[in-house]
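Pasting my_file_33.cif here (mmCIF, C-alpha atoms; chains and numbers go by the auth columns):
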data_input
loop_
_atom_site.group_PDB
_atom_site.id
_atom_site.type_symbol
_atom_site.label_atom_id
_atom_site.label_comp_id
_atom_site.label_asym_id
_atom_site.label_seq_id
_atom_site.Cartn_x
_atom_site.Cartn_y
_atom_site.Cartn_z
_atom_site.B_iso_or_equiv
_atom_site.auth_seq_id
_atom_site.auth_asym_id
ATOM 1 C CA MET A 1 0.000 0.000 0.000 0.00 269 A
ATOM 2 C CA ALA A 2 1.270 3.459 -0.839 0.00 270 A
ATOM 3 C CA GLU A 3 2.501 5.522 2.072 0.00 271 A
ATOM 4 C CA VAL A 4 0.962 8.986 2.439 0.00 272 A
ATOM 5 C CA LEU A 5 3.642 11.537 3.236 0.00 273 A
ATOM 6 C CA SER A 6 3.070 14.558 5.410 0.00 274 A
ATOM 7 C CA THR A 7 3.816 18.021 4.103 0.00 275 A
ATOM 8 C CA GLU A 8 6.715 18.208 6.544 0.00 276 A
ATOM 9 C CA GLU A 9 8.213 14.952 5.229 0.00 277 A
ATOM 10 C CA ILE A 10 7.827 16.080 1.618 0.00 278 A
ATOM 11 C CA SER A 11 9.496 19.396 2.450 0.00 279 A
ATOM 12 C CA ARG A 12 12.336 17.541 4.148 0.00 280 A
ATOM 13 C CA ARG A 13 12.862 15.287 1.138 0.00 281 A
ATOM 14 C CA VAL A 14 12.738 18.219 -1.265 0.00 282 A
ATOM 15 C CA ALA A 15 15.311 20.111 0.818 0.00 283 A
ATOM 16 C CA ILE A 16 17.662 17.112 0.811 0.00 284 A
ATOM 17 C CA LEU A 17 17.292 16.624 -2.923 0.00 285 A
ATOM 18 C CA LYS A 18 17.834 20.324 -3.667 0.00 286 A
ATOM 19 C CA ARG A 19 21.021 20.375 -1.590 0.00 287 A
ATOM 20 C CA PHE A 20 22.147 17.088 -3.157 0.00 288 A
ATOM 21 C CA ARG A 21 21.573 18.487 -6.662 0.00 289 A
ATOM 22 C CA GLU A 22 23.359 21.716 -5.749 0.00 290 A
ATOM 23 C CA MET A 23 26.424 19.815 -4.553 0.00 291 A
ATOM 24 C CA LEU A 24 26.463 17.544 -7.600 0.00 292 A
ATOM 25 C CA ARG A 25 26.336 20.597 -9.860 0.00 293 A
ATOM 26 C CA ALA A 26 29.162 22.220 -7.895 0.00 294 A
ATOM 27 C CA GLN A 27 31.222 19.074 -8.279 0.00 295 A
ATOM 28 C CA ARG A 28 30.457 18.899 -12.007 0.00 296 A
ATOM 29 C CA ASP A 29 31.553 22.530 -12.393 0.00 297 A
ATOM 30 C CA ARG A 30 34.805 21.860 -10.553 0.00 298 A
ATOM 31 C CA PHE A 31 35.491 18.839 -12.777 0.00 299 A
ATOM 32 C CA GLN A 32 34.887 21.028 -15.836 0.00 300 A
ATOM 33 C CA GLU A 33 37.255 23.638 -14.460 0.00 301 A
ATOM 34 C CA TYR A 34 39.812 20.886 -13.829 0.00 302 A
ATOM 35 C CA LEU A 35 39.551 19.732 -17.455 0.00 303 A
ATOM 36 C CA ASN A 36 40.007 23.313 -18.669 0.00 304 A
ATOM 37 C CA VAL A 37 43.131 23.691 -16.523 0.00 305 A
ATOM 38 C CA LEU A 38 44.520 20.440 -17.902 0.00 306 A
ATOM 39 C CA ASP A 39 43.923 21.635 -21.474 0.00 307 A
ATOM 40 C CA LYS A 40 45.716 24.913 -20.795 0.00 308 A
ATOM 41 C CA GLN A 41 48.448 23.089 -18.918 0.00 309 A
ATOM 42 C CA GLN A 42 49.182 21.010 -21.994 0.00 310 A
ATOM 43 C CA ASP A 43 49.777 24.206 -23.990 0.00 311 A
ATOM 44 C CA VAL A 44 52.069 25.546 -21.262 0.00 312 A
ATOM 45 C CA ILE A 45 54.074 22.293 -21.241 0.00 313 A
ATOM 46 C CA GLU A 46 54.496 22.464 -25.005 0.00 314 A
ATOM 47 C CA LYS A 47 55.759 26.071 -24.735 0.00 315 A
ATOM 48 C CA GLY A 48 58.171 25.134 -21.932 0.00 316 A
ATOM 49 C CA ASP A 49 57.079 27.971 -19.620 0.00 317 A
ATOM 50 C CA THR A 50 58.042 26.619 -16.188 0.00 318 A
ATOM 51 C CA GLU A 51 56.576 29.558 -14.214 0.00 319 A
ATOM 52 C CA ALA A 52 53.183 29.142 -15.865 0.00 320 A
ATOM 53 C CA LEU A 53 53.401 25.379 -15.388 0.00 321 A
ATOM 54 C CA LEU A 54 53.981 25.834 -11.666 0.00 322 A
ATOM 55 C CA SER A 55 50.901 28.081 -11.475 0.00 323 A
ATOM 56 C CA HIS A 56 48.817 25.513 -13.313 0.00 324 A
ATOM 57 C CA VAL A 57 49.966 22.705 -11.018 0.00 325 A
ATOM 58 C CA GLU A 58 49.048 24.765 -7.949 0.00 326 A
ATOM 59 C CA LEU A 59 45.643 25.573 -9.421 0.00 327 A
ATOM 60 C CA GLU A 60 45.141 21.905 -10.290 0.00 328 A
ATOM 61 C CA GLU A 61 45.933 20.868 -6.711 0.00 329 A
ATOM 62 C CA HIS A 62 43.449 23.430 -5.389 0.00 330 A
ATOM 63 C CA ILE A 63 40.686 22.203 -7.703 0.00 331 A
ATOM 64 C CA VAL A 64 41.306 18.548 -6.794 0.00 332 A
ATOM 65 C CA SER A 65 41.135 19.498 -3.115 0.00 333 A
ATOM 66 C CA ASP A 66 37.804 21.269 -3.750 0.00 334 A
ATOM 67 C CA ILE A 67 36.459 18.187 -5.535 0.00 335 A
ATOM 68 C CA PHE A 68 37.337 15.981 -2.551 0.00 336 A
ATOM 69 C CA ASN A 69 35.756 18.479 -0.130 0.00 337 A
ATOM 70 C CA ILE A 70 32.558 18.560 -2.149 0.00 338 A
ATOM 71 C CA GLN A 71 32.510 14.751 -2.173 0.00 339 A
ATOM 72 C CA LYS A 72 32.711 14.802 1.639 0.00 340 A
ATOM 73 C CA VAL A 73 29.392 16.700 1.608 0.00 341 A
ATOM 74 C CA ILE A 74 27.809 14.575 -1.121 0.00 342 A
ATOM 75 C CA ASN A 75 28.356 11.258 0.676 0.00 343 A
ATOM 76 C CA PRO A 76 26.219 12.119 3.747 0.00 344 A
ATOM 77 C CA LEU A 77 23.564 13.708 1.521 0.00 345 A
ATOM 78 C CA GLU A 78 23.366 10.505 -0.486 0.00 346 A
ATOM 79 C CA ASP A 79 22.989 8.527 2.752 0.00 347 A
ATOM 80 C CA MET A 80 20.246 10.896 3.910 0.00 348 A
ATOM 81 C CA TYR A 81 18.477 10.533 0.562 0.00 349 A
ATOM 82 C CA ARG A 82 18.533 6.760 0.856 0.00 350 A
ATOM 83 C CA ALA A 83 17.335 6.903 4.469 0.00 351 A
ATOM 84 C CA VAL A 84 14.327 9.113 3.741 0.00 352 A
ATOM 85 C CA THR A 85 13.276 7.181 0.645 0.00 353 A
ATOM 86 C CA ALA A 86 13.724 3.675 2.060 0.00 354 A
ATOM 87 C CA GLN A 87 10.465 1.834 2.464 0.00 355 A
ATOM 88 C CA PRO A 88 10.284 -0.617 5.347 0.00 356 A
ATOM 89 C CA GLY A 89 9.937 -4.226 4.306 0.00 357 A
ATOM 90 C CA LEU A 90 11.225 -3.641 0.772 0.00 358 A
ATOM 91 C CA PRO A 91 14.752 -4.410 -0.379 0.00 359 A
ATOM 92 C CA ALA A 92 16.836 -1.325 -1.063 0.00 360 A
ATOM 93 C CA GLU A 93 16.857 -0.646 -4.774 0.00 361 A
ATOM 94 C CA GLY A 94 20.171 0.395 -6.309 0.00 362 A
ATOM 95 C CA ASP A 95 22.212 0.311 -3.117 0.00 363 A
ATOM 96 C CA THR A 96 25.273 1.468 -5.008 0.00 364 A
ATOM 97 C CA GLU A 97 23.694 4.369 -6.922 0.00 365 A
ATOM 98 C CA VAL A 98 21.089 7.049 -6.486 0.00 366 A
ATOM 99 C CA SER A 99 18.468 6.581 -9.177 0.00 367 A
#
Structure translated into structure tokens:
Amino acid sequence: MAEVLSTEEISRRVAILKRFREMLRAQRDRFQEYLNVLDKQQDVIEKGDTEALLSHVELEEHIVSDIFNIQKVINPLEDMYRAVTAQPGLPAEGDTEVS
């Protein structure tokens, strides 16, 4: 039988999903920025500009650190999403991925 959710529960789920989506978008943007830096870094390597290469490596390290920090926020949000959408008595669907 379908469970009827209260307005409060729906609001809670929506808030979790909005935050989850926001963090996934932030992570996607950081990955895109990382790819752009790698593209530019390739040009710098070909030119042999060591100063610019050092700057690119530092920027790359910063972006990778940001990606890991965002992932630290995404993991608990994913767990919260699974917890609020789990239905008692039913096997968890897609335990390894959020559908």
Original post:
Quick one: residues within 8 Å of stretch 320-329 of chain A, only C-alpha atoms counted, chain neighbours fewer than 5 positions away excluded, as a VMD selection string?
Top reply: chain A and resid 302 305 to 306 309 312 to 313
**OP:** Pick out the closest residue to A:Met291 from this set: A:Ser279, A:Asn343, A:Asn304, A:Thr318. Count all atoms listed in the file.
**Re:** A:Asn343
**OP:** Name the residues in contact with A:Ile335 at a cut-off of 10 Å, using all atoms listed in the file, excluding same-chain residues fewer than 2 positions from it; report them as a ChimeraX atom specification.
**Re:** /A:294-299,302,329-333,337-340
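Using all atoms listed in the file, the contacts of A:Ala283 at a cut-off of 12 Å, with sequence neighbours closer than 6 positions omitted, comprise Glu276, Glu277, Arg289, Glu290, Leu345, Met348, Tyr349 and Val352 of chain A.
Counting from atom CA of A:Ile278, the distance to atom CA of A:Ala354 is 13.7 Å.
One distance worth recording is that between atom CA of A:Ile284 and atom CA of A:Pro344, which is 10.3 Å.
You will find atom CA of A:Glu301 at 28.4 Å from atom CA of A:Val282.
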**OP:** For each of A:Ile342, A:Glu319, A:Arg280, A:Leu273, take the minimum atom-to-atom distance to A:Arg293, counting all atoms listed in the file, then give the residue where this is smallest.
**Re:** A:Ile342
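Ranking A:Ala351, A:Asp311, A:Val341, A:Val272 by their shortest atom-to-atom distance to A:Leu292, with all atoms listed in the file included, puts A:Val341 first.
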Where atoms are absent from stretch 271-293 of chain A, fill them in so it carries N, CA, C and O atoms, then output it as a PDB file, in the coordinates of the input.
ATOM      1  N   GLU A 271       2.380   4.734   0.853  1.00  0.00           N
ATOM      2  CA  GLU A 271       2.501   5.522   2.072  1.00  0.00           C
ATOM      3  C   GLU A 271       2.145   6.973   1.765  1.00  0.00           C
ATOM      4  O   GLU A 271       2.572   7.528   0.761  1.00  0.00           O
ATOM      5  N   VAL A 272       1.324   7.583   2.615  1.00  0.00           N
ATOM      6  CA  VAL A 272       0.962   8.986   2.439  1.00  0.00           C
ATOM      7  C   VAL A 272       1.961   9.807   3.252  1.00  0.00           C
ATOM      8  O   VAL A 272       2.127   9.597   4.447  1.00  0.00           O
ATOM      9  N   LEU A 273       2.626  10.727   2.582  1.00  0.00           N
ATOM     10  CA  LEU A 273       3.642  11.537   3.236  1.00  0.00           C
ATOM     11  C   LEU A 273       3.058  12.854   3.711  1.00  0.00           C
ATOM     12  O   LEU A 273       2.236  13.471   3.031  1.00  0.00           O
ATOM     13  N   SER A 274       3.505  13.259   4.883  1.00  0.00           N
ATOM     14  CA  SER A 274       3.070  14.558   5.410  1.00  0.00           C
ATOM     15  C   SER A 274       3.773  15.677   4.645  1.00  0.00           C
ATOM     16  O   SER A 274       4.792  15.473   3.987  1.00  0.00           O
ATOM     17  N   THR A 275       3.220  16.851   4.746  1.00  0.00           N
ATOM     18  CA  THR A 275       3.816  18.021   4.103  1.00  0.00           C
ATOM     19  C   THR A 275       5.226  18.257   4.637  1.00  0.00           C
ATOM     20  O   THR A 275       6.136  18.605   3.883  1.00  0.00           O
ATOM     21  N   GLU A 276       5.393  18.034   5.924  1.00  0.00           N
ATOM     22  CA  GLU A 276       6.715  18.208   6.544  1.00  0.00           C
ATOM     23  C   GLU A 276       7.729  17.223   5.963  1.00  0.00           C
ATOM     24  O   GLU A 276       8.860  17.596   5.655  1.00  0.00           O
ATOM     25  N   GLU A 277       7.324  15.972   5.784  1.00  0.00           N
ATOM     26  CA  GLU A 277       8.213  14.952   5.229  1.00  0.00           C
ATOM     27  C   GLU A 277       8.548  15.260   3.771  1.00  0.00           C
ATOM     28  O   GLU A 277       9.695  15.123   3.347  1.00  0.00           O
ATOM     29  N   ILE A 278       7.579  15.712   3.019  1.00  0.00           N
ATOM     30  CA  ILE A 278       7.827  16.080   1.618  1.00  0.00           C
ATOM     31  C   ILE A 278       8.795  17.258   1.559  1.00  0.00           C
ATOM     32  O   ILE A 278       9.738  17.249   0.767  1.00  0.00           O
ATOM     33  N   SER A 279       8.600  18.241   2.408  1.00  0.00           N
ATOM     34  CA  SER A 279       9.496  19.396   2.450  1.00  0.00           C
ATOM     35  C   SER A 279      10.914  18.975   2.814  1.00  0.00           C
ATOM     36  O   SER A 279      11.885  19.477   2.245  1.00  0.00           O
ATOM     37  N   ARG A 280      11.018  18.051   3.733  1.00  0.00           N
ATOM     38  CA  ARG A 280      12.336  17.541   4.148  1.00  0.00           C
ATOM     39  C   ARG A 280      13.030  16.841   2.984  1.00  0.00           C
ATOM     40  O   ARG A 280      14.203  17.076   2.711  1.00  0.00           O
ATOM     41  N   ARG A 281      12.287  16.008   2.284  1.00  0.00           N
ATOM     42  CA  ARG A 281      12.862  15.287   1.138  1.00  0.00           C
ATOM     43  C   ARG A 281      13.268  16.244   0.023  1.00  0.00           C
ATOM     44  O   ARG A 281      14.322  16.100  -0.583  1.00  0.00           O
ATOM     45  N   VAL A 282      12.435  17.232  -0.225  1.00  0.00           N
ATOM     46  CA  VAL A 282      12.738  18.219  -1.265  1.00  0.00           C
ATOM     47  C   VAL A 282      14.006  18.993  -0.890  1.00  0.00           C
ATOM     48  O   VAL A 282      14.875  19.224  -1.740  1.00  0.00           O
ATOM     49  N   ALA A 283      14.130  19.368   0.368  1.00  0.00           N
ATOM     50  CA  ALA A 283      15.311  20.111   0.818  1.00  0.00           C
ATOM     51  C   ALA A 283      16.578  19.274   0.640  1.00  0.00           C
ATOM     52  O   ALA A 283      17.607  19.789   0.182  1.00  0.00           O
ATOM     53  N   ILE A 284      16.508  18.005   0.975  1.00  0.00           N
ATOM     54  CA  ILE A 284      17.662  17.112   0.811  1.00  0.00           C
ATOM     55  C   ILE A 284      18.026  16.995  -0.658  1.00  0.00           C
ATOM     56  O   ILE A 284      19.196  17.105  -1.037  1.00  0.00           O
ATOM     57  N   LEU A 285      17.021  16.780  -1.495  1.00  0.00           N
ATOM     58  CA  LEU A 285      17.292  16.624  -2.923  1.00  0.00           C
ATOM     59  C   LEU A 285      17.830  17.898  -3.552  1.00  0.00           C
ATOM     60  O   LEU A 285      18.717  17.845  -4.409  1.00  0.00           O
ATOM     61  N   LYS A 286      17.324  19.055  -3.131  1.00  0.00           N
ATOM     62  CA  LYS A 286      17.834  20.324  -3.667  1.00  0.00           C
ATOM     63  C   LYS A 286      19.301  20.518  -3.287  1.00  0.00           C
ATOM     64  O   LYS A 286      20.118  20.919  -4.117  1.00  0.00           O
ATOM     65  N   ARG A 287      19.628  20.236  -2.046  1.00  0.00           N
ATOM     66  CA  ARG A 287      21.021  20.375  -1.590  1.00  0.00           C
ATOM     67  C   ARG A 287      21.914  19.360  -2.305  1.00  0.00           C
ATOM     68  O   ARG A 287      23.029  19.685  -2.709  1.00  0.00           O
ATOM     69  N   PHE A 288      21.410  18.145  -2.468  1.00  0.00           N
ATOM     70  CA  PHE A 288      22.147  17.088  -3.157  1.00  0.00           C
ATOM     71  C   PHE A 288      22.431  17.518  -4.601  1.00  0.00           C
ATOM     72  O   PHE A 288      23.562  17.434  -5.082  1.00  0.00           O
ATOM     73  N   ARG A 289      21.419  18.024  -5.282  1.00  0.00           N
ATOM     74  CA  ARG A 289      21.573  18.487  -6.662  1.00  0.00           C
ATOM     75  C   ARG A 289      22.558  19.644  -6.727  1.00  0.00           C
ATOM     76  O   ARG A 289      23.420  19.704  -7.615  1.00  0.00           O
ATOM     77  N   GLU A 290      22.461  20.566  -5.789  1.00  0.00           N
ATOM     78  CA  GLU A 290      23.359  21.716  -5.749  1.00  0.00           C
ATOM     79  C   GLU A 290      24.822  21.263  -5.614  1.00  0.00           C
ATOM     80  O   GLU A 290      25.705  21.771  -6.302  1.00  0.00           O
ATOM     81  N   MET A 291      25.062  20.297  -4.753  1.00  0.00           N
ATOM     82  CA  MET A 291      26.424  19.815  -4.553  1.00  0.00           C
ATOM     83  C   MET A 291      26.921  19.031  -5.767  1.00  0.00           C
ATOM     84  O   MET A 291      28.098  19.141  -6.133  1.00  0.00           O
ATOM     85  N   LEU A 292      26.055  18.267  -6.389  1.00  0.00           N
ATOM     86  CA  LEU A 292      26.463  17.544  -7.600  1.00  0.00           C
ATOM     87  C   LEU A 292      26.808  18.519  -8.726  1.00  0.00           C
ATOM     88  O   LEU A 292      27.774  18.313  -9.468  1.00  0.00           O
ATOM     89  N   ARG A 293      26.032  19.577  -8.839  1.00  0.00           N
ATOM     90  CA  ARG A 293      26.336  20.597  -9.860  1.00  0.00           C
ATOM     91  C   ARG A 293      27.666  21.287  -9.559  1.00  0.00           C
ATOM     92  O   ARG A 293      28.455  21.560 -10.461  1.00  0.00           O
TER      93      ARG A 293
END
